[in-house]
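Coordinates as given in entry-v4.pdb (PDB, C-alpha atoms):
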ATOM      1  CA  MET A  10       6.031  -8.348  27.301  1.00  0.00           C
ATOM      2  CA  SER A  11       4.065  -6.265  24.810  1.00  0.00           C
ATOM      3  CA  ASN A  12       3.153  -7.186  21.262  1.00  0.00           C
ATOM      4  CA  LEU A  13       3.378  -5.013  18.170  1.00  0.00           C
ATOM      5  CA  ASN A  14       1.858  -5.553  14.730  1.00  0.00           C
ATOM      6  CA  LYS A  15       2.648  -2.554  12.534  1.00  0.00           C
ATOM      7  CA  ALA A  16       3.435  -2.272   8.834  1.00  0.00           C
ATOM      8  CA  LEU A  17       4.822   0.825   7.112  1.00  0.00           C
ATOM      9  CA  LEU A  18       5.112   0.712   3.320  1.00  0.00           C
ATOM     10  CA  ILE A  19       5.779   3.159   0.499  1.00  0.00           C
ATOM     11  CA  GLY A  20       4.985   1.853  -2.951  1.00  0.00           C
ATOM     12  CA  ARG A  21       3.003   2.248  -6.153  1.00  0.00           C
ATOM     13  CA  LEU A  22      -0.460   0.838  -6.812  1.00  0.00           C
ATOM     14  CA  THR A  23      -0.297  -2.116  -9.205  1.00  0.00           C
ATOM     15  CA  LYS A  24      -3.862  -1.578 -10.448  1.00  0.00           C
ATOM     16  CA  ASP A  25      -6.846   0.670  -9.778  1.00  0.00           C
ATOM     17  CA  PRO A  26      -8.421   0.125  -6.339  1.00  0.00           C
ATOM     18  CA  GLU A  27     -11.659  -1.877  -6.120  1.00  0.00           C
ATOM     19  CA  MET A  28     -14.343  -0.721  -3.694  1.00  0.00           C
ATOM     20  CA  ARG A  29     -17.188  -2.960  -2.558  1.00  0.00           C
ATOM     21  CA  TYR A  30     -19.588  -3.093   0.381  1.00  0.00           C
ATOM     22  CA  THR A  31     -20.004  -5.640   3.163  1.00  0.00           C
ATOM     23  CA  PRO A  32     -23.514  -7.082   3.746  1.00  0.00           C
ATOM     24  CA  SER A  33     -23.907  -4.544   6.579  1.00  0.00           C
ATOM     25  CA  GLY A  34     -23.119  -1.663   4.181  1.00  0.00           C
ATOM     26  CA  THR A  35     -19.529  -0.847   5.220  1.00  0.00           C
ATOM     27  CA  ALA A  36     -17.292   0.266   2.340  1.00  0.00           C
ATOM     28  CA  VAL A  37     -14.112  -1.798   1.779  1.00  0.00           C
ATOM     29  CA  THR A  38     -11.421  -0.957  -0.773  1.00  0.00           C
ATOM     30  CA  ASN A  39      -8.873  -3.536  -1.908  1.00  0.00           C
ATOM     31  CA  PHE A  40      -5.697  -2.662  -3.791  1.00  0.00           C
ATOM     32  CA  SER A  41      -2.118  -3.806  -4.012  1.00  0.00           C
ATOM     33  CA  ILE A  42       1.173  -1.982  -4.058  1.00  0.00           C
ATOM     34  CA  ALA A  43       4.641  -2.903  -5.249  1.00  0.00           C
ATOM     35  CA  THR A  44       7.782  -2.083  -3.268  1.00  0.00           C
ATOM     36  CA  ASN A  45      11.391  -2.419  -4.426  1.00  0.00           C
ATOM     37  CA  ARG A  46      14.462  -3.619  -2.578  1.00  0.00           C
ATOM     38  CA  TRP A  47      18.058  -4.316  -3.533  1.00  0.00           C
ATOM     39  CA  SER A  48      20.208  -7.304  -2.638  1.00  0.00           C
ATOM     40  CA  SER A  49      23.360  -9.008  -3.822  1.00  0.00           C
ATOM     41  CA  GLY A  50      23.004 -11.905  -6.239  1.00  0.00           C
ATOM     42  CA  PRO A  51      24.962 -15.184  -6.100  1.00  0.00           C
ATOM     43  CA  GLU A  52      28.021 -13.639  -7.803  1.00  0.00           C
ATOM     44  CA  GLY A  53      27.905 -10.453  -5.728  1.00  0.00           C
ATOM     45  CA  GLU A  54      26.123  -8.301  -8.332  1.00  0.00           C
ATOM     46  CA  ARG A  55      23.403  -5.935  -7.120  1.00  0.00           C
ATOM     47  CA  LYS A  56      19.900  -7.112  -8.033  1.00  0.00           C
ATOM     48  CA  GLU A  57      16.569  -5.392  -7.655  1.00  0.00           C
ATOM     49  CA  PHE A  58      13.600  -7.320  -6.285  1.00  0.00           C
ATOM     50  CA  THR A  59       9.953  -6.281  -6.228  1.00  0.00           C
ATOM     51  CA  ASP A  60       7.534  -7.345  -3.499  1.00  0.00           C
ATOM     52  CA  TYR A  61       3.753  -7.098  -3.833  1.00  0.00           C
ATOM     53  CA  HIS A  62       1.466  -6.322  -0.895  1.00  0.00           C
ATOM     54  CA  ASN A  63      -2.327  -6.671  -0.704  1.00  0.00           C
ATOM     55  CA  ILE A  64      -3.918  -3.734   1.117  1.00  0.00           C
ATOM     56  CA  VAL A  65      -7.441  -3.467   2.583  1.00  0.00           C
ATOM     57  CA  ALA A  66      -8.945  -0.126   3.645  1.00  0.00           C
ATOM     58  CA  TYR A  67     -12.242   0.056   5.561  1.00  0.00           C
ATOM     59  CA  ASN A  68     -14.535   2.925   6.403  1.00  0.00           C
ATOM     60  CA  ALA A  69     -14.508   3.131  10.195  1.00  0.00           C
ATOM     61  CA  GLY A  70     -16.625   5.536  12.184  1.00  0.00           C
ATOM     62  CA  LYS A  71     -16.413   8.993  10.634  1.00  0.00           C
ATOM     63  CA  ARG A  72     -13.277   8.067   8.664  1.00  0.00           C
ATOM     64  CA  ASN A  73     -14.184   7.293   5.065  1.00  0.00           C
ATOM     65  CA  LEU A  74     -10.775   5.803   4.294  1.00  0.00           C
ATOM     66  CA  ALA A  75     -12.080   3.165   1.856  1.00  0.00           C
ATOM     67  CA  GLU A  76     -14.090   5.693  -0.158  1.00  0.00           C
ATOM     68  CA  ILE A  77     -11.304   8.282  -0.280  1.00  0.00           C
ATOM     69  CA  VAL A  78      -8.699   5.750  -1.422  1.00  0.00           C
ATOM     70  CA  ALA A  79     -11.032   4.454  -4.144  1.00  0.00           C
ATOM     71  CA  GLN A  80     -11.834   7.985  -5.301  1.00  0.00           C
ATOM     72  CA  TYR A  81      -8.374   9.572  -5.293  1.00  0.00           C
ATOM     73  CA  THR A  82      -5.882   6.838  -6.252  1.00  0.00           C
ATOM     74  CA  ARG A  83      -5.203   4.997  -9.485  1.00  0.00           C
ATOM     75  CA  LYS A  84      -2.710   2.483 -10.834  1.00  0.00           C
ATOM     76  CA  GLY A  85       0.808   3.851 -10.517  1.00  0.00           C
ATOM     77  CA  ALA A  86       0.054   6.283  -7.659  1.00  0.00           C
ATOM     78  CA  LEU A  87       2.729   6.514  -4.957  1.00  0.00           C
ATOM     79  CA  VAL A  88       1.286   5.967  -1.468  1.00  0.00           C
ATOM     80  CA  PHE A  89       2.443   5.586   2.119  1.00  0.00           C
ATOM     81  CA  ILE A  90       0.526   2.886   4.009  1.00  0.00           C
ATOM     82  CA  GLU A  91       0.417   2.523   7.768  1.00  0.00           C
ATOM     83  CA  GLY A  92      -1.420  -0.503   9.080  1.00  0.00           C
ATOM     84  CA  ARG A  93      -1.243  -3.975  10.544  1.00  0.00           C
ATOM     85  CA  ILE A  94      -0.478  -7.377   9.029  1.00  0.00           C
ATOM     86  CA  GLN A  95      -3.307  -9.904   9.006  1.00  0.00           C
ATOM     87  CA  THR A  96      -3.400 -13.479   7.760  1.00  0.00           C
ATOM     88  CA  ARG A  97      -6.753 -15.161   7.199  1.00  0.00           C
ATOM     89  CA  SER A  98      -7.824 -18.502   5.833  1.00  0.00           C
ATOM     90  CA  TRP A  99     -10.996 -19.929   4.300  1.00  0.00           C
ATOM     91  CA  GLU A 100     -12.197 -22.894   2.309  1.00  0.00           C
ATOM     92  CA  GLY A 101     -12.631 -22.243  -1.406  1.00  0.00           C
ATOM     93  CA  GLN A 102     -15.585 -23.432  -3.495  1.00  0.00           C
ATOM     94  CA  ASP A 103     -13.411 -26.300  -4.683  1.00  0.00           C
ATOM     95  CA  GLY A 104     -12.940 -27.483  -1.076  1.00  0.00           C
ATOM     96  CA  GLN A 105      -9.278 -26.410  -0.914  1.00  0.00           C
ATOM     97  CA  LYS A 106      -8.081 -24.445   2.100  1.00  0.00           C
ATOM     98  CA  ARG A 107      -6.821 -20.969   1.093  1.00  0.00           C
ATOM     99  CA  ARG A 108      -4.700 -18.401   2.966  1.00  0.00           C
ATOM    100  CA  THR A 109      -3.834 -14.799   2.326  1.00  0.00           C
ATOM    101  CA  THR A 110      -1.756 -12.221   4.127  1.00  0.00           C
ATOM    102  CA  GLU A 111      -2.730  -8.582   3.759  1.00  0.00           C
ATOM    103  CA  ILE A 112      -2.145  -5.186   5.298  1.00  0.00           C
ATOM    104  CA  ILE A 113      -5.197  -3.651   6.985  1.00  0.00           C
ATOM    105  CA  ALA A 114      -4.648   0.075   6.430  1.00  0.00           C
ATOM    106  CA  ASN A 115      -5.098   2.488   9.325  1.00  0.00           C
ATOM    107  CA  ASP A 116      -3.852   5.412   7.247  1.00  0.00           C
ATOM    108  CA  VAL A 117      -3.074   6.036   3.579  1.00  0.00           C
ATOM    109  CA  GLN A 118      -1.128   9.100   2.496  1.00  0.00           C
ATOM    110  CA  PHE A 119      -0.964  10.146  -1.139  1.00  0.00           C
ATOM    111  CA  LEU A 120       2.635  10.991  -2.023  1.00  0.00           C
ATOM    112  CA  ASP A 121       2.028  11.963  -5.652  1.00  0.00           C
ATOM    113  CA  SER A 122       0.945  15.554  -5.739  1.00  0.00           C
ATOM    114  CA  ARG A 123      -2.003  16.884  -7.666  1.00  0.00           C
ATOM    115  CA  SER A 124      -1.007  20.493  -8.343  1.00  0.00           C
ATOM    116  CA  GLY A 125       1.508  20.383  -5.494  1.00  0.00           C
ATOM    117  CA  GLY A 126      -0.971  19.240  -2.836  1.00  0.00           C
ATOM    118  CA  GLY A 127      -0.596  15.724  -1.520  1.00  0.00           C
ATOM    119  CA  GLY A 128      -1.921  14.873   1.901  1.00  0.00           C
ATOM    120  CA  ALA A 129      -3.522  11.931   3.608  1.00  0.00           C
ATOM    121  CA  ALA A 130      -6.772  10.074   3.167  1.00  0.00           C
ATOM    122  CA  ASP A 131      -7.826  11.117   6.667  1.00  0.00           C
ATOM    123  CA  GLY A 132      -7.445  14.826   5.910  1.00  0.00           C
ATOM    124  CA  THR A 133      -3.955  15.174   7.419  1.00  0.00           C
ATOM    125  CA  PRO A 134      -2.152  18.106   5.768  1.00  0.00           C
ATOM    126  CA  PRO A 135       0.815  17.434   3.454  1.00  0.00           C
ATOM    127  CA  ALA A 136       3.262  18.628   6.125  1.00  0.00           C
ATOM    128  CA  ARG A 137       2.705  15.336   7.995  1.00  0.00           C
ATOM    129  CA  ARG A 138       4.019  13.209   5.120  1.00  0.00           C
ATOM    130  CA  PRO A 139       7.017  11.007   5.959  1.00  0.00           C
ATOM    131  CA  ALA A 140      10.145  13.138   5.645  1.00  0.00           C
ATOM    132  CA  ALA A 141      12.065  10.280   4.014  1.00  0.00           C
ATOM    133  CA  THR A 142      10.362  10.927   0.691  1.00  0.00           C
ATOM    134  CA  ASP A 143      11.430  14.533   0.188  1.00  0.00           C
ATOM    135  CA  ASP A 144      13.983  15.824   2.677  1.00  0.00           C
ATOM    136  CA  ILE A 145      16.748  13.209   2.727  1.00  0.00           C
ATOM    137  CA  PRO A 146      18.831  12.729  -0.437  1.00  0.00           C
ATOM    138  CA  ALA A 147      18.751   9.169  -1.772  1.00  0.00           C
ATOM    139  CA  PRO A 148      22.020   7.211  -1.922  1.00  0.00           C
ATOM    140  CA  ASP A 149      23.402   6.327  -5.347  1.00  0.00           C
ATOM    141  CA  ASP A 150      22.260   2.707  -4.994  1.00  0.00           C
ATOM    142  CA  ALA A 151      18.735   3.514  -3.745  1.00  0.00           C
ATOM    143  CA  PRO A 152      15.969   1.369  -5.269  1.00  0.00           C
ATOM    144  CA  ARG A 153      14.110   2.982  -8.129  1.00  0.00           C
ATOM    145  CA  ASP A 154      10.346   3.312  -8.216  1.00  0.00           C
ATOM    146  CA  VAL A 155       8.268   0.620  -9.884  1.00  0.00           C
ATOM    147  CA  ASP A 156       7.212   1.572 -13.407  1.00  0.00           C
ATOM    148  CA  PRO A 157       3.465   0.821 -13.526  1.00  0.00           C
ATOM    149  CA  ASP A 158       3.857  -0.433 -17.109  1.00  0.00           C
ATOM    150  CA  GLU A 159       6.311  -3.129 -15.908  1.00  0.00           C
ATOM    151  CA  ILE A 160       3.797  -4.659 -13.468  1.00  0.00           C
ATOM    152  CA  PRO A 161       2.622  -7.980 -14.906  1.00  0.00           C
ATOM    153  CA  PHE A 162      -1.027  -7.645 -13.825  1.00  0.00           C
TER     154      PHE A 162
END
Translate the structure of the given file into structure tokens.
Amino acid sequence: MSNLNKALLIGRLTKDPEMRYTPSGTAVTNFSIATNRWSSGPEGERKEFTDYHNIVAYNAGKRNLAEIVAQYTRKGALVFIEGRIQTRSWEGQDGQKRRTTEIIANDVQFLDSRSGGGGAADGTPPARRPAATDDIPAPDDAPRDVDPDEIPF
């Protein structure tokens, strides 16, 4: 039996990305995105829920994914993330055990266009963007995008 760990997300950045470097000099960019979903409430009414996802992008080999994401995205930008889910734990300075779950990005595509462009952080042309964003009409009850001004942080 095979295993699969793959995450695909489309959402808006909740704040500007933060780039830093590991002790060995590898660039790492951290950011988070918000995604929306709809569900029925206790009395059957439709309710919108927002989920927040922590994303980590590394430079790997000749791919400068971390640097490109930090340079070309800002709070509110719509992005498509392809990556894997990772949970890690550590002991904080206060001695408490901490855990976090994050998406390690393999690819980031910018869905907001700058003068009609778009494209991916790895240089993939805009034609490779997920078709679901442009070609298929949204149903009447489709979730709306997150307004960056409504994000609490």
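Minimum distance to A:Leu22 across A:Ile42, A:Leu74, A:Ile94, A:Ala79 (counting all atoms listed in the file) occurs at A:Ile42.
Here atom CA of A:Val78 and atom CA of A:Asp60 stand 21.0 Å from one another.
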Query raised in the report: Contacts of A:Thr38 at 12 Å or less, counting only C-alpha atoms, minus same-chain residues fewer than 2 places along, as a PyMOL selection string?
Result: chain A and resi 25-31+35-36+40-41+63-68+73-82+112-114+117
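In this model, the gap between atom CA of A:Glu111 and atom CA of A:Arg55 comes to 28.4 Å.
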Requested in this report: Name the closest residue to A:Phe119 among the candidates A:Glu91, A:Thr59, A:Lys15, A:Val37; distances are taken between atoms, counting only C-alpha atoms.
Outcome: A:Glu91
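Here atom CA of A:Tyr61 is placed at a distance of 13.2 Å from atom CA of A:Gly85.
The protein and nucleic acid residues lying at most 6 Å from A:Gly20 are Ile42, Ala43, Thr44, Leu87 and Val88 of chain A, with only C-alpha atoms considered and sequence neighbours fewer than 5 positions away removed.
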Keeping only C-alpha atoms, take the residues you just selected and write them out as a PDB file, in the frame of the given file.
ATOM      1  CA  ILE A  42       1.173  -1.982  -4.058  1.00  0.00           C
ATOM      2  CA  ALA A  43       4.641  -2.903  -5.249  1.00  0.00           C
ATOM      3  CA  THR A  44       7.782  -2.083  -3.268  1.00  0.00           C
ATOM      4  CA  LEU A  87       2.729   6.514  -4.957  1.00  0.00           C
ATOM      5  CA  VAL A  88       1.286   5.967  -1.468  1.00  0.00           C
TER       6      VAL A  88
END
